[in-house]
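Since the structure comes first, as structure tokens, the remarks are kept for the end.
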Amino acid sequence: MNEHTEAAHVSLLDAIVDALNLPLPSITVADERLYYRLLERRALAVRIVIESNRAASRDPRYAADAIRTRTAEEPVTYTLWEDEKDGGER
């Protein structure tokens with residue numbers, strides 16, 4: 001594998017991690033539901049992009065771009081979890 005190909009695969013792996021590495025939600029039921037729904041949608045999008053890429057172009061750059069685009073279309077909309085130890089009551 002040459003440096004260009006290796007960089008493209010690293011970029012693809014980074015895009016997958018970024019898509020699936022969601023911040024934790026607050027402890028409310030509604031935020032937890034939103035978190036899991038978003039995680040499911042992003043995981044499905046990653047799977048579809050990887051399967052399509054494998055069947056068509058096999059170019060990891062295209063897959064990485066597609067995953068980043070889909071991730072941007074599905075932003076985090078829930079309230080994030082805050083650690084009460086950092087300035088809150090114990």
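Going by the structure tokens order, chains are called A, B, ..., each with residues numbered from 1, while ligands are numbered from 1 in the order shown.
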Can you pull out every residue within 9 Å of segment 23-31 of chain A, counting only C-alpha atoms, but drop anything in the same chain fewer than 4 positions away, and send it as a compact mmCIF listing (two decimals) with C-alpha atoms, in the first residue's frame?
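Result file around.txt:
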```txt
# COMPACT_ATOMS: atom_id res chain seq x y z
CA TYR A 35 -29.04 9.85 21.13
CA TYR A 36 -29.87 6.23 20.25
CA VAL A 76 -26.46 16.30 17.47
CA THR A 77 -29.71 17.95 18.63
CA TYR A 78 -30.04 16.57 22.16
CA THR A 79 -28.82 18.09 25.42
CA LEU A 80 -25.37 16.87 26.34
CA TRP A 81 -24.51 15.17 29.61
CA GLU A 82 -22.62 17.33 32.10
```
Item to check | Exercise: Arg42 of chain A partners within 12 Å, only C-alpha atoms, chain neighbours under 3 positions left out, as a list in words | outcome: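 Once the adjacent positions are removed, what remains is Ala15, Ile16, Val17, Asp18, Ala19, Leu20, Asn21, Leu22, Tyr35, Tyr36, Arg37, Leu38, Leu39, Ala45, Val46, Arg47, Ile48, Val49, Ala66, Ile67, Arg68, Thr69, Arg70, Thr71, Ala72, Glu73, Glu74, Pro75 and Val76 of chain A.
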For the residues in the current selection, export N, CA, C and O atoms as a compact mmCIF listing (two decimals), in the first residue's frame.
```
# COMPACT_ATOMS: atom_id res chain seq x y z
N ALA A 15 -13.36 9.14 9.41
CA ALA A 15 -14.74 9.55 9.13
C ALA A 15 -15.73 8.62 9.83
O ALA A 15 -16.75 9.08 10.38
N ILE A 16 -15.43 7.33 9.85
CA ILE A 16 -16.31 6.37 10.53
C ILE A 16 -16.33 6.65 12.03
O ILE A 16 -17.40 6.70 12.65
N VAL A 17 -15.16 6.83 12.61
CA VAL A 17 -15.09 7.12 14.05
C VAL A 17 -15.82 8.41 14.38
O VAL A 17 -16.60 8.47 15.34
N ASP A 18 -15.62 9.44 13.57
CA ASP A 18 -16.30 10.72 13.82
C ASP A 18 -17.82 10.58 13.73
O ASP A 18 -18.56 11.21 14.49
N ALA A 19 -18.29 9.77 12.81
CA ALA A 19 -19.73 9.58 12.64
C ALA A 19 -20.36 8.85 13.82
O ALA A 19 -21.48 9.16 14.22
N LEU A 20 -19.63 7.91 14.39
CA LEU A 20 -20.20 7.05 15.43
C LEU A 20 -19.83 7.46 16.85
O LEU A 20 -20.41 6.95 17.82
N ASN A 21 -18.90 8.36 17.00
CA ASN A 21 -18.46 8.80 18.33
C ASN A 21 -19.29 10.00 18.77
O ASN A 21 -18.87 11.14 18.65
N LEU A 22 -20.48 9.72 19.29
CA LEU A 22 -21.40 10.78 19.69
C LEU A 22 -21.18 11.16 21.15
O LEU A 22 -20.88 10.29 21.98
N TYR A 35 -30.41 10.35 21.26
CA TYR A 35 -29.04 9.85 21.13
C TYR A 35 -29.03 8.50 20.40
O TYR A 35 -28.29 8.31 19.42
N TYR A 36 -29.86 7.56 20.86
CA TYR A 36 -29.87 6.23 20.25
C TYR A 36 -30.41 6.25 18.82
O TYR A 36 -29.91 5.53 17.95
N ARG A 37 -31.39 7.07 18.56
CA ARG A 37 -31.90 7.19 17.18
C ARG A 37 -30.83 7.75 16.25
O ARG A 37 -30.67 7.28 15.12
N LEU A 38 -30.12 8.77 16.71
CA LEU A 38 -29.05 9.35 15.90
C LEU A 38 -27.94 8.34 15.67
O LEU A 38 -27.44 8.20 14.55
N LEU A 39 -27.57 7.62 16.71
CA LEU A 39 -26.53 6.60 16.57
C LEU A 39 -26.96 5.52 15.57
O LEU A 39 -26.17 5.12 14.71
N ALA A 45 -26.11 4.72 7.96
CA ALA A 45 -25.52 5.49 6.87
C ALA A 45 -24.10 5.00 6.57
O ALA A 45 -23.72 4.85 5.41
N VAL A 46 -23.32 4.75 7.62
CA VAL A 46 -21.95 4.25 7.42
C VAL A 46 -22.00 2.90 6.71
O VAL A 46 -21.26 2.67 5.76
N ARG A 47 -22.88 2.04 7.15
CA ARG A 47 -23.00 0.71 6.52
C ARG A 47 -23.37 0.82 5.05
O ARG A 47 -22.78 0.15 4.19
N ILE A 48 -24.34 1.66 4.74
CA ILE A 48 -24.78 1.83 3.35
C ILE A 48 -23.64 2.38 2.48
O ILE A 48 -23.40 1.89 1.38
N VAL A 49 -22.95 3.39 2.99
CA VAL A 49 -21.85 3.99 2.22
C VAL A 49 -20.75 2.97 1.98
O VAL A 49 -20.24 2.84 0.86
N ALA A 66 -18.50 10.82 1.58
CA ALA A 66 -19.93 10.54 1.71
C ALA A 66 -20.33 10.40 3.18
O ALA A 66 -21.37 10.91 3.60
N ILE A 67 -19.50 9.75 3.97
CA ILE A 67 -19.79 9.60 5.40
C ILE A 67 -19.77 10.96 6.08
O ILE A 67 -20.65 11.27 6.90
N ARG A 68 -18.80 11.79 5.76
CA ARG A 68 -18.74 13.13 6.37
C ARG A 68 -19.95 13.97 5.98
O ARG A 68 -20.48 14.72 6.80
N THR A 69 -20.39 13.84 4.75
CA THR A 69 -21.58 14.58 4.30
C THR A 69 -22.81 14.11 5.06
O THR A 69 -23.59 14.94 5.55
N ARG A 70 -22.99 12.80 5.17
CA ARG A 70 -24.15 12.26 5.89
C ARG A 70 -24.10 12.64 7.36
O ARG A 70 -25.13 12.93 7.96
N THR A 71 -22.91 12.64 7.95
CA THR A 71 -22.77 13.03 9.36
C THR A 71 -23.17 14.49 9.56
O THR A 71 -23.86 14.82 10.52
N ALA A 72 -22.76 15.34 8.65
CA ALA A 72 -23.11 16.77 8.75
C ALA A 72 -24.62 16.98 8.61
O ALA A 72 -25.17 17.93 9.19
N GLU A 73 -25.28 16.11 7.87
CA GLU A 73 -26.73 16.20 7.68
C GLU A 73 -27.51 15.73 8.90
O GLU A 73 -28.70 15.97 8.99
N GLU A 74 -26.86 15.04 9.81
CA GLU A 74 -27.49 14.49 11.02
C GLU A 74 -26.76 15.02 12.26
O GLU A 74 -26.06 14.27 12.94
N PRO A 75 -26.91 16.30 12.59
CA PRO A 75 -26.17 16.85 13.73
C PRO A 75 -26.77 16.40 15.07
O PRO A 75 -27.91 15.93 15.14
N VAL A 76 -26.00 16.58 16.11
CA VAL A 76 -26.46 16.30 17.47
C VAL A 76 -27.46 17.40 17.85
O VAL A 76 -27.17 18.59 17.74
```
Next on the checklist: Applying 12 Å and only C-alpha atoms, which residues near Arg61 of chain A remain after dropping the ones on its own chain fewer than 5 positions away? List them as a list in words.
Outcome noted: His4, Thr5, Glu6, Ala7, Ala8, His9, Val10, Ser11, Leu12, Leu13, Asp14, Ala15, Val49, Ile50, Asn53, Ala66, Ile67 and Arg68 of chain A
Item to check | Between atom CA of Asp83 of chain A and atom CA of Glu40 of chain A - distance in Å to one decimal | outcome: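 So the two atoms, atom CA of Glu40 of chain A and atom CA of Asp83 of chain A, lie 24.8 Å apart.
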Item to check | Computed interatomic separation between atom CA of Asn2 of chain A and atom CA of Asp59 of chain A (Å) | outcome: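 These atoms are spaced 13.9 Å apart.
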